[in-house]
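The file start35.cif contains mmCIF, C-alpha atoms:
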data_structure
loop_
_atom_site.group_PDB
_atom_site.id
_atom_site.type_symbol
_atom_site.label_atom_id
_atom_site.label_comp_id
_atom_site.auth_asym_id
_atom_site.auth_seq_id
_atom_site.Cartn_x
_atom_site.Cartn_y
_atom_site.Cartn_z
ATOM 1 C CA MET A 261 21.803 19.944 42.301
ATOM 2 C CA SER A 262 21.338 18.249 38.961
ATOM 3 C CA ASP A 263 24.180 16.924 36.847
ATOM 4 C CA ASP A 264 22.863 18.993 33.924
ATOM 5 C CA TRP A 265 23.129 22.182 35.975
ATOM 6 C CA ALA A 266 26.623 21.228 37.173
ATOM 7 C CA LEU A 267 27.774 20.487 33.638
ATOM 8 C CA GLN A 268 26.341 23.740 32.285
ATOM 9 C CA SER A 269 27.936 25.697 35.120
ATOM 10 C CA PHE A 270 31.280 23.965 34.574
ATOM 11 C CA GLN A 271 31.192 24.566 30.814
ATOM 12 C CA ALA A 272 30.390 28.268 31.242
ATOM 13 C CA LEU A 273 33.097 28.835 33.877
ATOM 14 C CA ARG A 274 35.598 26.750 31.949
ATOM 15 C CA GLU A 275 34.986 28.845 28.845
ATOM 16 C CA GLU A 276 35.206 32.095 30.804
ATOM 17 C CA HIS A 277 38.343 31.354 32.851
ATOM 18 C CA PHE A 278 40.235 28.269 31.629
ATOM 19 C CA VAL A 279 40.045 28.305 27.837
ATOM 20 C CA GLY A 280 41.506 31.804 27.501
ATOM 21 C CA LEU A 281 44.354 30.912 29.839
ATOM 22 C CA CYS A 282 45.119 27.858 27.721
ATOM 23 C CA ARG A 283 45.247 29.998 24.585
ATOM 24 C CA LYS A 284 47.351 32.710 26.218
ATOM 25 C CA LEU A 285 49.943 30.278 27.617
ATOM 26 C CA ASN A 286 49.710 27.790 24.748
ATOM 27 C CA LEU A 287 48.618 24.972 27.066
ATOM 28 C CA SER A 288 47.570 21.628 25.620
ATOM 29 C CA ALA A 289 44.151 20.802 27.112
ATOM 30 C CA GLU A 290 42.790 17.378 27.950
ATOM 31 C CA THR A 291 39.243 16.113 27.656
ATOM 32 C CA PRO A 292 37.119 17.139 30.651
ATOM 33 C CA GLN A 293 35.935 14.443 33.069
ATOM 34 C CA VAL A 294 32.404 14.967 34.361
ATOM 35 C CA ASP A 295 30.662 12.866 37.017
ATOM 36 C CA ARG A 296 27.740 13.659 39.370
ATOM 37 C CA GLY A 297 28.226 17.346 40.030
ATOM 38 C CA PHE A 298 32.008 17.171 39.695
ATOM 39 C CA ALA A 299 34.045 18.136 36.647
ATOM 40 C CA ILE A 300 37.741 18.573 36.002
ATOM 41 C CA VAL A 301 39.944 19.464 33.075
ATOM 42 C CA SER A 302 43.661 20.072 32.875
ATOM 43 C CA ALA A 303 46.185 21.488 30.478
ATOM 44 C CA ALA A 304 49.958 21.605 30.528
ATOM 45 C CA ALA A 305 53.012 23.228 29.014
ATOM 46 C CA GLY A 306 56.634 23.198 30.052
ATOM 47 C CA ASN A 307 56.894 21.927 33.634
ATOM 48 C CA VAL A 308 53.407 22.887 34.828
ATOM 49 C CA ARG A 309 49.955 21.316 34.675
ATOM 50 C CA VAL A 310 47.017 23.652 35.352
ATOM 51 C CA ILE A 311 43.863 21.967 36.645
ATOM 52 C CA PHE A 312 40.397 23.529 36.643
ATOM 53 C CA GLU A 313 37.962 21.837 39.041
ATOM 54 C CA HIS A 314 34.238 22.289 39.530
ATOM 55 C CA ASP A 315 32.664 20.551 42.511
ATOM 56 C CA ARG A 316 28.925 21.174 42.945
ATOM 57 C CA GLY A 317 29.304 24.833 41.997
ATOM 58 C CA PHE A 318 32.618 25.549 43.749
ATOM 59 C CA CYS A 319 35.465 26.133 41.280
ATOM 60 C CA LEU A 320 39.196 26.541 41.650
ATOM 61 C CA PHE A 321 42.460 26.319 39.787
ATOM 62 C CA GLY A 322 45.103 23.834 40.891
ATOM 63 C CA LEU A 323 48.723 23.340 39.905
ATOM 64 C CA GLY A 324 50.942 20.327 39.548
ATOM 65 C CA ALA A 325 53.963 19.031 37.708
ATOM 66 C CA PHE A 326 53.525 18.377 33.994
ATOM 67 C CA ALA A 327 53.478 14.589 34.448
ATOM 68 C CA ASP A 328 51.056 14.624 37.414
ATOM 69 C CA SER A 329 47.424 13.752 36.812
ATOM 70 C CA LYS A 330 46.253 15.585 39.952
ATOM 71 C CA ALA A 331 46.991 18.989 41.396
ATOM 72 C CA LEU A 332 49.685 19.230 44.043
ATOM 73 C CA CYS A 333 48.160 22.426 45.405
ATOM 74 C CA SER A 334 45.656 25.145 44.724
ATOM 75 C CA VAL A 335 46.571 28.432 43.089
ATOM 76 C CA GLU A 336 45.495 30.160 46.328
ATOM 77 C CA GLU A 337 48.105 28.141 48.258
ATOM 78 C CA VAL A 338 50.879 29.003 45.806
ATOM 79 C CA ALA A 339 49.784 32.645 45.701
ATOM 80 C CA GLU A 340 50.626 32.917 49.408
ATOM 81 C CA ARG A 341 54.310 32.509 48.473
ATOM 82 C CA PHE A 342 54.153 35.787 46.531
ATOM 83 C CA PRO A 343 53.193 39.356 47.487
ATOM 84 C CA ARG A 344 49.534 39.288 48.524
ATOM 85 C CA ILE A 345 46.815 40.411 46.175
ATOM 86 C CA ARG A 346 44.477 41.056 49.117
ATOM 87 C CA LEU A 347 43.511 39.511 52.441
ATOM 88 C CA VAL A 348 40.166 38.732 54.002
ATOM 89 C CA PRO A 349 39.623 39.528 57.714
ATOM 90 C CA GLU A 350 40.900 36.182 59.048
ATOM 91 C CA GLY A 351 44.236 36.859 57.333
ATOM 92 C CA ARG A 352 43.943 34.339 54.500
ATOM 93 C CA GLN A 353 44.049 35.296 50.884
ATOM 94 C CA ARG A 354 40.934 34.369 48.906
ATOM 95 C CA LEU A 355 41.113 34.808 45.160
ATOM 96 C CA THR A 356 38.295 34.946 42.666
ATOM 97 C CA LEU A 357 38.543 32.687 39.614
ATOM 98 C CA GLU A 358 39.627 35.687 37.567
ATOM 99 C CA GLU A 359 42.359 36.487 40.116
ATOM 100 C CA GLN A 360 43.489 32.848 40.097
ATOM 101 C CA ARG A 361 43.642 32.865 36.288
ATOM 102 C CA SER A 362 45.543 36.156 36.284
ATOM 103 C CA PHE A 363 47.968 34.874 38.927
ATOM 104 C CA VAL A 364 48.844 31.824 36.804
ATOM 105 C CA GLU A 365 49.328 34.001 33.751
ATOM 106 C CA VAL A 366 51.490 36.637 35.480
ATOM 107 C CA ARG A 367 53.525 34.152 37.548
ATOM 108 C CA TRP A 368 53.944 31.559 34.758
ATOM 109 C CA PRO A 369 57.769 31.884 34.582
ATOM 110 C CA ALA A 370 58.103 31.446 38.372
ATOM 111 C CA LEU A 371 55.698 28.475 38.301
ATOM 112 C CA GLN A 372 57.843 26.857 35.601
ATOM 113 C CA VAL A 373 60.801 27.036 37.993
ATOM 114 C CA MET A 374 58.822 25.794 41.018
ATOM 115 C CA PHE A 375 57.613 22.708 39.121
ATOM 116 C CA SER A 376 60.850 22.045 37.239
ATOM 117 C CA PRO A 377 62.620 18.738 37.922
ATOM 118 C CA GLU A 378 65.342 20.669 39.769
ATOM 119 C CA HIS A 379 62.885 22.350 42.169
ATOM 120 C CA LEU A 380 59.929 19.961 42.326
ATOM 121 C CA GLY A 381 61.241 18.235 45.464
ATOM 122 C CA GLU A 382 61.407 21.490 47.411
ATOM 123 C CA THR A 383 57.981 22.506 46.068
ATOM 124 C CA ARG A 384 56.531 19.234 47.355
ATOM 125 C CA LYS A 385 58.227 19.761 50.756
ATOM 126 C CA TRP A 386 56.843 23.304 50.912
ATOM 127 C CA HIS A 387 53.342 21.971 50.230
ATOM 128 C CA GLU A 388 53.686 19.258 52.888
ATOM 129 C CA ALA A 389 54.581 22.026 55.377
ATOM 130 C CA VAL A 390 51.509 24.032 54.275
ATOM 131 C CA VAL A 391 49.282 21.001 54.827
ATOM 132 C CA ARG A 392 50.814 20.369 58.263
ATOM 133 C CA GLN A 393 50.339 24.021 59.261
ATOM 134 C CA THR A 394 46.738 24.056 58.019
ATOM 135 C CA THR A 395 45.974 20.820 59.852
ATOM 136 C CA LYS A 396 47.594 22.163 63.015
ATOM 137 C CA GLY A 397 45.397 25.278 62.756
ATOM 138 C CA PHE A 398 42.245 23.151 62.640
ATOM 139 C CA SER A 399 43.310 20.968 65.537
ATOM 140 C CA ARG A 400 44.010 24.009 67.746
ATOM 141 C CA GLY A 401 40.481 25.245 67.146
ATOM 142 C CA SER A 402 38.947 22.016 68.496
#

If you convert what's in this file into structure tokens, what do you get?
Amino acid sequence: MSDDWALQSFQALREEHFVGLCRKLNLSAETPQVDRGFAIVSAAAGNVRVIFEHDRGFCLFGLGAFADSKALCSVEEVAERFPRIRLVPEGRQRLTLEEQRSFVEVRWPALQVMFSPEHLGETRKWHEAVVRQTTKGFSRGS
């Protein structure tokens, strides 16, 4: 996969899914970083940083605290803390980019609380538990 293709794909998906979210939530966007099939851009407001990643054609939204440079977790992970949008056969929730964007927009007030200084510690602990559970699930399958 060429870097030109990756950059074009990232730019198109960024425009379609990320830029509108930034406008809607009044997020301040940063300059995208692009390198060998990988691209990332983030924007923040209040307590939350929204990250849009593109890795060789696979895209996702991530979330972190305002001051963090990297995502703490994916939107799909956080979405599992809320009523499910839909489930795939193996029981996990898989969201399209549009569903991820919509989730951030609709749940913005709750995300502000989750990533606030008062609740960030418990959000980090929750994510550590998610990682442990996911890792445990992979090790059982071996």

Output check: residues returned by the PyMOL selection byres ((chain A and resi 311) around 10), as a PDB file with C-alpha atoms, in the coordinates of the input:
ATOM      1  CA  PHE A 278      40.235  28.269  31.629  1.00  0.00           C
ATOM      2  CA  ALA A 289      44.151  20.802  27.112  1.00  0.00           C
ATOM      3  CA  GLU A 290      42.790  17.378  27.950  1.00  0.00           C
ATOM      4  CA  ILE A 300      37.741  18.573  36.002  1.00  0.00           C
ATOM      5  CA  VAL A 301      39.944  19.464  33.075  1.00  0.00           C
ATOM      6  CA  SER A 302      43.661  20.072  32.875  1.00  0.00           C
ATOM      7  CA  ALA A 303      46.185  21.488  30.478  1.00  0.00           C
ATOM      8  CA  ALA A 304      49.958  21.605  30.528  1.00  0.00           C
ATOM      9  CA  VAL A 308      53.407  22.887  34.828  1.00  0.00           C
ATOM     10  CA  ARG A 309      49.955  21.316  34.675  1.00  0.00           C
ATOM     11  CA  VAL A 310      47.017  23.652  35.352  1.00  0.00           C
ATOM     12  CA  PHE A 312      40.397  23.529  36.643  1.00  0.00           C
ATOM     13  CA  GLU A 313      37.962  21.837  39.041  1.00  0.00           C
ATOM     14  CA  LEU A 320      39.196  26.541  41.650  1.00  0.00           C
ATOM     15  CA  PHE A 321      42.460  26.319  39.787  1.00  0.00           C
ATOM     16  CA  GLY A 322      45.103  23.834  40.891  1.00  0.00           C
ATOM     17  CA  LEU A 323      48.723  23.340  39.905  1.00  0.00           C
ATOM     18  CA  GLY A 324      50.942  20.327  39.548  1.00  0.00           C
ATOM     19  CA  SER A 329      47.424  13.752  36.812  1.00  0.00           C
ATOM     20  CA  LYS A 330      46.253  15.585  39.952  1.00  0.00           C
ATOM     21  CA  ALA A 331      46.991  18.989  41.396  1.00  0.00           C
ATOM     22  CA  LEU A 332      49.685  19.230  44.043  1.00  0.00           C
ATOM     23  CA  CYS A 333      48.160  22.426  45.405  1.00  0.00           C
ATOM     24  CA  SER A 334      45.656  25.145  44.724  1.00  0.00           C
ATOM     25  CA  VAL A 335      46.571  28.432  43.089  1.00  0.00           C
TER      26      VAL A 335
END

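Computed from the coordinates, the CA of Lys284 (chain A) to CA of Glu365 (chain A) distance equals 7.9 Å.
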
Subject >> Result set of the PyMOL selection byres ((chain A and resi 367-373) around 10) on the coordinates above, as an NGL selection string >> reply: :A and (285 or 305-309 or 323-326 or 338-339 or 342 or 362-366 or 374-380 or 383)

**OP:** Mind giving me the straight-line distance from CA of Thr394 (chain A) to CA of Asp315 (chain A) in Å, one decimal?
**Re:** 21.2 Å

**OP:** Would you kindly return, as a PyMOL selection string, each protein, DNA or RNA residue with an atom no farther than 10 Å from any atom of Ser269 (chain A), considering all atoms listed in the file and excluding same-chain residues fewer than 3 positions away?
**Re:** chain A and resi 263-266+272-275+297+299+314+316-319

Would you give the centre and edge lengths, in Å to one decimal, of a box along x, y and z around the listed atoms of region 388-400 of chain A, with 4 Å added to each side, as lines of an AutoDock Vina configuration file?
center_x = 48.4
center_y = 22.3
center_z = 60.3
size_x = 20.3
size_y = 14.0
size_z = 22.9

Subject >> Gap from CA of Leu281 (chain A) to CA of Leu357 (chain A) - Å, one decimal >> reply: 11.5 Å

Subject >> A:Glu336, A:Leu267, A:Ser399, A:Pro343 ranked by distance to Thr356 (chain A), top pick (using only C-alpha atoms) >> reply: A:Glu336

Original post:
With only C-alpha atoms as the atoms that count, which of A:Asp328, A:Leu355, A:Phe270, A:Glu276 lies nearest to Glu340 (chain A)?
Top reply: A:Leu355
